[in-house]
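File shown: data_0.csv (CSV, C-alpha atoms and all ligand atoms).
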chain,number,residue,atom,x,y,z
A,1,MET,CA,77.1,84.4,3.5
A,2,ARG,CA,74.4,85.0,6.1
A,3,VAL,CA,72.3,81.9,6.4
A,4,VAL,CA,69.1,81.2,8.3
A,5,ALA,CA,68.4,77.5,8.9
A,6,LEU,CA,65.0,76.2,10.2
A,7,ALA,CA,65.6,73.1,12.3
A,8,GLY,CA,64.0,70.5,14.5
A,9,GLY,CA,66.3,68.2,16.4
A,10,VAL,CA,68.4,65.4,15.0
A,11,GLY,CA,68.1,66.1,11.2
A,12,GLY,CA,68.3,69.8,11.8
A,13,ALA,CA,71.3,69.5,14.0
A,14,ARG,CA,73.2,67.4,11.5
A,15,LEU,CA,72.8,70.0,8.7
A,16,ALA,CA,73.3,72.9,11.1
A,17,GLU,CA,76.7,71.4,12.1
A,18,GLY,CA,77.7,71.2,8.4
A,19,LEU,CA,76.6,74.8,7.8
A,20,GLN,CA,78.4,76.1,10.8
A,21,ALA,CA,81.6,74.4,9.7
A,22,ALA,CA,81.2,75.6,6.1
A,23,LEU,CA,80.5,79.3,7.0
A,24,PRO,CA,82.6,82.0,8.7
A,25,PRO,CA,81.9,82.2,12.4
A,26,GLY,CA,78.7,84.1,13.1
A,27,ASP,CA,77.1,83.7,9.7
A,28,LEU,CA,74.7,80.9,10.7
A,29,THR,CA,71.5,81.6,12.6
A,30,VAL,CA,69.4,78.5,13.4
A,31,VAL,CA,65.7,79.0,14.1
A,32,ALA,CA,64.7,76.1,16.3
A,33,ASN,CA,61.3,74.5,16.7
A,34,THR,CA,59.9,75.0,20.2
A,35,GLY,CA,56.6,73.0,19.7
A,36,ASP,CA,58.3,70.0,21.4
A,37,ASP,CA,59.2,71.9,24.5
A,38,THR,CA,57.9,70.4,27.8
A,39,GLU,CA,57.9,71.0,31.5
A,40,ARG,CA,59.7,68.3,33.4
A,41,HIS,CA,60.2,68.4,37.2
A,42,GLY,CA,59.4,72.1,37.2
A,43,LEU,CA,62.0,72.8,34.5
A,44,LEU,CA,61.5,74.0,30.9
A,45,VAL,CA,63.1,71.5,28.5
A,46,CYS,CA,63.6,72.5,24.9
A,47,PRO,CA,64.6,69.3,23.1
A,48,ASP,CA,65.1,70.6,19.6
A,49,HIS,CA,67.0,73.7,20.7
A,50,ASP,CA,69.2,71.6,22.9
A,51,THR,CA,69.9,68.9,20.3
A,52,VAL,CA,71.1,71.7,18.0
A,53,LEU,CA,72.9,73.4,20.9
A,54,TYR,CA,74.9,70.3,22.0
A,55,THR,CA,75.7,69.5,18.4
A,56,LEU,CA,77.0,73.0,17.5
A,57,ALA,CA,78.9,73.0,20.8
A,58,GLY,CA,80.6,69.7,19.9
A,59,ILE,CA,79.3,67.9,23.0
A,60,ALA,CA,76.4,66.0,21.6
A,61,ASP,CA,76.1,62.3,22.4
A,62,PRO,CA,77.1,60.7,19.0
A,63,VAL,CA,75.1,57.5,19.5
A,64,GLN,CA,71.6,58.5,20.7
A,65,GLY,CA,71.4,61.7,18.7
A,66,TRP,CA,70.2,63.8,21.8
A,67,GLY,CA,71.7,64.8,25.1
A,68,ILE,CA,75.4,65.3,26.0
A,69,ALA,CA,78.2,62.8,25.5
A,70,GLY,CA,79.4,60.9,28.5
A,71,GLU,CA,76.2,61.6,30.5
A,72,SER,CA,75.6,60.2,34.0
A,73,TRP,CA,72.1,59.7,35.4
A,74,ALA,CA,72.3,60.3,39.2
A,75,VAL,CA,69.6,63.0,39.3
A,76,MET,CA,67.2,60.9,37.3
A,77,GLU,CA,67.7,58.0,39.6
A,78,ARG,CA,67.0,60.1,42.6
A,79,LEU,CA,63.9,61.7,40.9
A,80,GLY,CA,62.6,58.1,40.5
A,81,VAL,CA,63.3,57.3,44.2
A,82,LEU,CA,61.3,60.5,45.1
A,83,GLY,CA,58.3,59.3,43.0
A,84,GLU,CA,58.7,61.4,39.9
A,85,GLU,CA,58.0,60.0,36.4
A,86,THR,CA,61.2,59.0,34.7
A,87,TRP,CA,60.3,58.0,31.2
A,88,PHE,CA,61.6,61.3,29.9
A,89,ARG,CA,65.3,60.7,30.5
A,90,LEU,CA,67.4,63.8,31.4
A,91,GLY,CA,71.1,63.3,32.1
A,92,ASP,CA,72.9,65.2,34.9
A,93,ARG,CA,74.8,67.5,32.6
A,94,ASP,CA,71.7,68.1,30.4
A,95,MET,CA,69.8,68.9,33.6
A,96,ALA,CA,72.1,71.8,34.3
A,97,THR,CA,70.9,73.4,31.0
A,98,HIS,CA,67.3,73.2,32.0
A,99,ILE,CA,68.0,74.5,35.5
A,100,VAL,CA,69.8,77.6,34.1
A,101,ARG,CA,67.2,78.2,31.5
A,102,THR,CA,64.4,78.0,33.9
A,103,ALA,CA,66.1,80.1,36.5
A,104,ARG,CA,66.7,82.9,33.9
A,105,LEU,CA,63.1,82.7,32.8
A,106,ARG,CA,61.9,83.0,36.4
A,107,ALA,CA,64.1,86.0,36.8
A,108,GLY,CA,62.2,87.6,33.9
A,109,ALA,CA,64.4,86.8,30.9
A,110,ARG,CA,62.9,86.0,27.5
A,111,LEU,CA,63.5,82.5,26.3
A,112,THR,CA,65.6,84.0,23.4
A,113,ASP,CA,67.9,85.7,25.9
A,114,ALA,CA,68.2,82.7,28.2
A,115,SER,CA,69.0,80.5,25.2
A,116,LEU,CA,71.6,82.9,23.8
A,117,ALA,CA,73.3,83.2,27.2
A,118,ILE,CA,73.6,79.4,27.4
A,119,GLN,CA,74.9,79.2,23.8
A,120,ALA,CA,77.5,81.8,24.7
A,121,ALA,CA,78.6,79.9,27.8
A,122,LEU,CA,79.1,76.8,25.6
A,123,GLY,CA,81.1,78.8,23.1
A,124,VAL,CA,78.8,78.2,20.2
A,125,PRO,CA,79.8,80.4,17.3
A,126,SER,CA,76.3,80.4,15.7
A,127,ARG,CA,73.0,81.8,17.0
A,128,ILE,CA,70.2,79.4,17.8
A,129,LEU,CA,66.9,81.3,18.1
A,130,PRO,CA,63.8,79.8,19.6
A,131,MET,CA,61.1,80.3,16.9
A,132,THR,CA,59.1,82.4,19.5
A,133,ASP,CA,59.3,83.4,23.1
A,134,ASP,CA,55.7,82.4,23.6
A,135,ALA,CA,54.5,78.9,24.5
A,136,VAL,CA,53.6,76.8,21.5
A,137,ARG,CA,52.8,73.1,22.2
A,138,THR,CA,52.4,70.5,19.5
A,139,ARG,CA,49.7,67.9,20.2
A,140,VAL,CA,48.9,64.8,18.1
A,141,LEU,CA,45.6,63.1,17.7
A,142,THR,CA,45.8,59.3,18.1
A,143,ASP,CA,43.3,56.6,18.9
A,144,GLU,CA,44.0,57.5,22.5
A,145,GLY,CA,42.9,61.1,21.9
A,146,TRP,CA,45.0,64.2,21.8
A,147,LEU,CA,48.4,63.6,23.3
A,148,GLU,CA,51.1,65.9,24.4
A,149,PHE,CA,53.9,65.6,21.9
A,150,GLN,CA,56.5,64.1,24.3
A,151,ASP,CA,53.9,61.7,25.6
A,152,TYR,CA,53.5,60.4,22.0
A,153,PHE,CA,57.2,60.7,21.0
A,154,VAL,CA,59.0,59.4,24.1
A,155,ARG,CA,56.6,57.6,26.4
A,156,LEU,CA,54.7,55.8,23.6
A,157,ARG,CA,57.8,55.6,21.3
A,158,GLN,CA,55.8,57.1,18.3
A,159,LEU,CA,53.8,53.8,18.1
A,160,PRO,CA,50.3,55.3,17.8
A,161,GLU,CA,49.1,56.4,14.4
A,162,VAL,CA,48.9,60.2,14.1
A,163,ARG,CA,45.6,61.3,12.6
A,164,ALA,CA,45.9,65.0,13.1
A,165,VAL,CA,48.5,67.6,14.5
A,166,ARG,CA,47.9,70.9,16.1
A,167,PHE,CA,50.2,73.6,17.5
A,168,ASP,CA,48.5,75.0,20.6
A,169,GLY,CA,49.3,78.7,21.1
A,170,VAL,CA,50.6,79.2,17.6
A,171,ASP,CA,47.8,81.7,16.7
A,172,VAL,CA,48.8,84.1,19.4
A,173,ALA,CA,52.5,83.5,19.4
A,174,GLU,CA,54.6,86.4,18.3
A,175,PRO,CA,57.8,86.0,16.2
A,176,THR,CA,60.7,87.6,18.0
A,177,PRO,CA,62.6,90.6,16.6
A,178,GLU,CA,65.7,88.4,16.5
A,179,VAL,CA,64.1,85.9,14.2
A,180,LEU,CA,62.5,88.5,11.9
A,181,ASP,CA,65.8,90.5,11.8
A,182,ALA,CA,67.8,87.3,11.0
A,183,VAL,CA,65.4,86.4,8.1
A,184,ASP,CA,65.5,90.0,6.9
A,185,ALA,CA,69.3,90.0,6.8
A,186,ALA,CA,69.6,86.5,5.4
A,187,GLU,CA,71.2,85.9,2.0
A,188,VAL,CA,69.9,82.4,1.9
A,189,VAL,CA,67.4,80.3,3.9
A,190,VAL,CA,67.7,76.6,4.4
A,191,LEU,CA,64.9,74.2,5.6
A,192,CYS,CA,66.9,71.4,7.3
A,193,PRO,CA,66.0,67.8,6.8
A,194,SER,CA,63.8,67.9,9.8
A,195,ASN,CA,60.3,66.4,10.2
A,196,PRO,CA,58.2,68.6,7.9
A,197,ILE,CA,55.0,68.0,10.0
A,198,VAL,CA,56.1,68.5,13.6
A,199,SER,CA,59.5,70.3,13.3
A,200,VAL,CA,59.4,72.7,10.3
A,201,ALA,CA,55.6,73.3,10.1
A,202,PRO,CA,55.4,74.8,13.6
A,203,ILE,CA,58.1,77.3,12.7
A,204,LEU,CA,56.4,78.3,9.5
A,205,ALA,CA,53.1,78.6,11.4
A,206,ILE,CA,54.4,81.4,13.6
A,207,ARG,CA,52.8,84.6,12.4
A,208,GLY,CA,55.2,86.6,10.3
A,209,ILE,CA,57.9,84.0,9.8
A,210,ARG,CA,56.5,82.6,6.5
A,211,ASP,CA,55.9,86.1,5.3
A,212,ALA,CA,59.5,87.1,6.2
A,213,ILE,CA,60.9,84.2,4.2
A,214,ARG,CA,58.6,85.2,1.3
A,215,ALA,CA,59.9,88.7,1.5
A,216,ALA,CA,63.5,87.5,1.6
A,217,ARG,CA,62.9,85.5,-1.6
A,218,GLY,CA,61.3,88.6,-3.1
A,219,ARG,CA,64.5,90.5,-2.6
A,220,GLY,CA,66.6,87.7,-4.1
A,221,ALA,CA,67.5,85.5,-1.1
A,222,PRO,CA,66.9,82.0,-2.3
A,223,VAL,CA,65.5,79.1,-0.2
A,224,ALA,CA,66.6,75.5,-0.1
A,225,ALA,CA,65.2,72.4,1.6
A,226,VAL,CA,66.9,69.1,2.2
A,227,SER,CA,64.7,66.0,2.2
A,228,PRO,CA,64.4,64.0,5.4
A,229,ILE,CA,62.9,61.2,3.5
A,230,VAL,CA,65.4,58.9,1.7
A,231,GLY,CA,64.2,55.9,-0.3
A,232,GLY,CA,60.7,56.4,1.0
A,233,LYS,CA,61.8,56.2,4.6
A,234,ALA,CA,62.7,58.5,7.5
A,235,LEU,CA,66.3,57.8,8.7
A,236,LYS,CA,65.0,58.0,12.2
A,237,GLY,CA,61.7,58.9,13.9
A,238,PRO,CA,58.1,58.9,12.7
A,239,ALA,CA,58.2,61.4,9.7
A,240,ASP,CA,57.5,58.7,7.2
A,241,ARG,CA,54.5,57.2,9.1
A,242,MET,CA,53.2,60.7,9.8
A,243,LEU,CA,53.3,61.7,6.2
A,244,ALA,CA,51.4,58.5,5.3
A,245,SER,CA,48.7,58.7,8.0
A,246,LEU,CA,48.1,62.4,7.2
A,247,GLY,CA,47.6,61.6,3.5
A,248,HIS,CA,50.9,62.7,2.0
A,249,GLU,CA,53.1,60.8,-0.4
A,250,VAL,CA,56.0,59.2,1.6
A,251,SER,CA,58.8,60.2,-0.6
A,252,ALA,CA,61.1,63.2,-1.2
A,253,VAL,CA,58.4,64.4,-3.7
A,254,GLY,CA,55.8,64.3,-0.9
A,255,VAL,CA,58.0,66.5,1.2
A,256,ALA,CA,58.8,68.8,-1.8
A,257,ARG,CA,55.1,69.2,-2.4
A,258,LEU,CA,54.7,70.5,1.2
A,259,TYR,CA,57.3,73.2,0.4
A,260,ALA,CA,56.2,74.0,-3.1
A,261,GLY,CA,56.0,77.8,-3.8
A,262,MET,CA,58.5,78.7,-1.0
A,263,VAL,CA,61.6,76.7,-2.0
A,264,ASP,CA,64.0,77.3,-4.9
A,265,VAL,CA,66.4,74.4,-4.5
A,266,PHE,CA,65.3,70.9,-3.2
A,267,VAL,CA,68.0,68.6,-2.2
A,268,LEU,CA,67.2,64.9,-2.5
A,269,ASP,CA,69.2,61.8,-2.0
A,270,ALA,CA,71.1,60.0,-4.8
A,271,GLU,CA,69.0,57.0,-4.0
A,272,ASP,CA,66.0,59.1,-5.1
A,273,ALA,CA,67.6,60.5,-8.2
A,274,ALA,CA,64.7,59.2,-10.4
A,275,LEU,CA,62.4,61.6,-8.5
A,276,ALA,CA,64.3,64.7,-9.6
A,277,PRO,CA,62.0,65.4,-12.6
A,278,ASP,CA,58.9,65.2,-10.3
A,279,VAL,CA,60.6,67.7,-7.9
A,280,GLU,CA,61.4,70.0,-10.8
A,281,ALA,CA,57.8,69.8,-12.0
A,282,LEU,CA,56.9,71.6,-8.7
A,283,GLY,CA,59.0,74.6,-9.8
A,284,MET,CA,62.1,73.9,-7.8
A,285,ARG,CA,65.6,73.1,-8.9
A,286,ALA,CA,66.5,69.5,-7.8
A,287,LEU,CA,70.0,68.9,-6.3
A,288,VAL,CA,70.8,65.2,-6.2
A,289,THR,CA,73.5,64.1,-3.8
A,290,ASP,CA,74.3,61.7,-1.0
A,291,THR,CA,72.4,63.3,1.9
A,292,ILE,CA,73.2,60.7,4.7
A,293,MET,CA,75.0,62.9,7.2
A,294,THR,CA,76.3,60.4,9.7
A,295,ASP,CA,79.8,61.9,10.0
A,296,GLY,CA,81.1,65.4,10.1
A,297,ASP,CA,82.6,65.2,6.6
A,298,ALA,CA,79.2,64.4,5.1
A,299,ARG,CA,77.5,67.2,7.0
A,300,VAL,CA,80.0,69.8,5.7
A,301,ARG,CA,79.7,68.4,2.2
A,302,VAL,CA,75.9,68.5,2.1
A,303,ALA,CA,76.0,72.0,3.5
A,304,ARG,CA,78.6,73.2,0.9
A,305,GLU,CA,76.7,71.7,-2.0
A,306,THR,CA,73.4,73.2,-0.8
A,307,LEU,CA,75.0,76.6,-0.4
A,308,ALA,CA,76.7,76.4,-3.8
A,309,ALA,CA,73.4,75.6,-5.5
A,310,LEU,CA,71.8,78.6,-3.7
A,311,ALA,CA,74.7,80.9,-4.6
A,312,ALA,CA,74.3,79.8,-8.3
A,313,ILE,CA,70.8,81.3,-8.4
A,314,ALA,CA,71.2,84.1,-5.9
B,401,LIG,P1,63.8,65.4,15.8
B,401,LIG,O1,63.2,66.7,16.2
B,401,LIG,O2,64.9,64.9,16.7
B,401,LIG,O3,62.8,64.4,15.4
B,401,LIG,O4,64.6,65.8,14.5
B,401,LIG,P2,64.2,66.5,13.1
B,401,LIG,O5,62.8,66.8,13.0
B,401,LIG,O6,65.2,67.7,13.0
B,401,LIG,O7,64.7,65.5,12.1
B,401,LIG,C1,64.0,64.2,11.9
B,401,LIG,C2,64.3,63.8,10.5
B,401,LIG,O8,65.6,63.9,10.2
B,401,LIG,C3,63.9,62.4,10.2
B,401,LIG,O9,62.8,62.4,9.4
B,401,LIG,C4,65.1,61.8,9.5
B,401,LIG,O10,64.8,61.1,8.3
B,401,LIG,C5,65.9,63.1,9.2
B,401,LIG,N1,67.4,62.9,9.2
B,401,LIG,C6,68.1,62.5,10.3
B,401,LIG,N2,69.4,62.4,9.9
B,401,LIG,C7,69.5,62.7,8.5
B,401,LIG,C8,70.5,62.7,7.6
B,401,LIG,O11,71.6,62.4,7.8
B,401,LIG,N3,70.1,63.0,6.3
B,401,LIG,C9,68.9,63.3,5.9
B,401,LIG,N4,68.6,63.6,4.6
B,401,LIG,N5,67.8,63.3,6.8
B,401,LIG,C10,68.2,63.0,8.1
B,402,CA,CA,61.9,67.4,17.9
Take the structure I supplied and represent it as structure tokens, if you would.
Ligand code: GDP
Ligand code: CA
Amino acid sequence: MRVVALAGGVGGARLAEGLQAALPPGDLTVVANTGDDTERHGLLVCPDHDTVLYTLAGIADPVQGWGIAGESWAVMERLGVLGEETWFRLGDRDMATHIVRTARLRAGARLTDASLAIQAALGVPSRILPMTDDAVRTRVLTDEGWLEFQDYFVRLRQLPEVRAVRFDGVDVAEPTPEVLDAVDAAEVVVLCPSNPIVSVAPILAIRGIRDAIRAARGRGAPVAAVSPIVGGKALKGPADRMLASLGHEVSAVGVARLYAGMVDVFVLDAEDAALAPDVEALGMRALVTDTIMTDGDARVRVARETLAALAAIA
């Protein structure tokens, strides 16, 4: 079953790992948000792609949810000594990824090709496609003004209230042929339990991607979304506070409303079972299950149950 999954970082990587394990090798294509990408020390860092990359390669740090397991920090220490800002922590092994990616880009490669080459070197059986090869940069409006996303997310630890979000460059960003072909060939599409405002929305804002998903649905390829909000809270990160400050209901229903009209199956946590009728009232089938994907077994189970619900209506 050819599956396209739209993903941010941690929540996206968790479900992507389950999908990869549940599917034959090669059947999974992940489209990764690049709105969080940032230049550090002259290198292009792609946090969401790399979280998915390390997770699907089986080398992710299991505790912090980003970076590579067993990291060392010698380069970061030296960068500090040399006067560079060090609040955006990059491990030595992780740094190699950014060096290779940046070197390939400078040699003229597209971000998609540089990313696929790194995935191949790490033996990842799935494809992880950047949502676009063009620069799109998420910015958030806080009481301190418009901030670069990583300034808000990492340096300020998501403490400021977000009053607006914009994706600089998204109007002129082109979808890649790889992304459009993957969606055209998909038998099902899955919106991972990623932050709907700053992880999934930028992907859907790329010209042509939302239309390609609509066309896929039109030819009978159903779409599922898994809620990142469980019991009115995000498991990690600012998705709950962002939904609230931007005027959305902080619940699985609030997320379902954002996806209404483009999703056939909405997966919500057993803790939120009472919300299933409200989800169904939005015109989606509700699948209620335990969606906490801390370990590998849970990731595969959520992936299998989601795919089964999609297969039942395909
Ligand atoms: P980021 O880019 O690293 O912030 O990650 P994402 O945007 O992909 O995912 C962030 C969201 O993932 C948060 O809102 C979390 O609530 C959600 N999330 C993380 N782990 C899980 C999980 O095991 N189950 C569910 N349902 N959501 C999760
Ligand atoms: Ca992210």
Which protein, DNA or RNA residues have an atom within 10 Å of ligand CA 402 (chain B), counting only C-alpha atoms and all ligand atoms, as an NGL selection string? :A and (7-12 or 32-37 or 46-51 or 66 or 149-150 or 153 or 194-195 or 198-200 or 237)
Could you turn the residues from that selection into a file that holds C-alpha atoms, as a compact mmCIF listing (two decimals), in the frame of the given file?
# COMPACT_ATOMS: atom_id res chain seq x y z
CA ALA A 7 65.60 73.10 12.30
CA GLY A 8 64.00 70.50 14.50
CA GLY A 9 66.30 68.20 16.40
CA VAL A 10 68.40 65.40 15.00
CA GLY A 11 68.10 66.10 11.20
CA GLY A 12 68.30 69.80 11.80
CA ALA A 32 64.70 76.10 16.30
CA ASN A 33 61.30 74.50 16.70
CA THR A 34 59.90 75.00 20.20
CA GLY A 35 56.60 73.00 19.70
CA ASP A 36 58.30 70.00 21.40
CA ASP A 37 59.20 71.90 24.50
CA CYS A 46 63.60 72.50 24.90
CA PRO A 47 64.60 69.30 23.10
CA ASP A 48 65.10 70.60 19.60
CA HIS A 49 67.00 73.70 20.70
CA ASP A 50 69.20 71.60 22.90
CA THR A 51 69.90 68.90 20.30
CA TRP A 66 70.20 63.80 21.80
CA PHE A 149 53.90 65.60 21.90
CA GLN A 150 56.50 64.10 24.30
CA PHE A 153 57.20 60.70 21.00
CA SER A 194 63.80 67.90 9.80
CA ASN A 195 60.30 66.40 10.20
CA VAL A 198 56.10 68.50 13.60
CA SER A 199 59.50 70.30 13.30
CA VAL A 200 59.40 72.70 10.30
CA GLY A 237 61.70 58.90 13.90
Counting only C-alpha atoms, what is within 12 Å of A:Asp113, bar same-chain residues fewer than 3 positions away, as a count of residues only? 23
Enumerate, as a PyMOL selection string, the protein, DNA and RNA residues whose atoms approach (54.5, 59.3, 7.5) to within 12 Å, taking into account only C-alpha atoms and the coordinate frame of the file. chain A and resi 158-164+195-198+228-229+232-252+254-255
Show me the residues close to (70.5, 80.3, -2.1) - anything with an atom within 9 Å, counting only C-alpha atoms - and format the list as an MDAnalysis selection string. chainID A and resid 3 187:190 220:224 264:265 306:314
Using the file's own x, y and z axes, what box holds all listed atoms of stretch 267-283 of chain A with 5 Å on each side, keeping edges along x, y and z, and what are its centre and edge lengths in Å to one decimal, as AutoDock Vina command-line options?
--center_x 64.0 --center_y 65.8 --center_z -7.3 --size_x 24.2 --size_y 27.6 --size_z 20.6
Rank A:Val81, A:Leu44, A:Leu147, A:Ala13 by their smallest atom-to-atom distance to A:Gly65, using only C-alpha atoms, and report the top residue only. A:Ala13
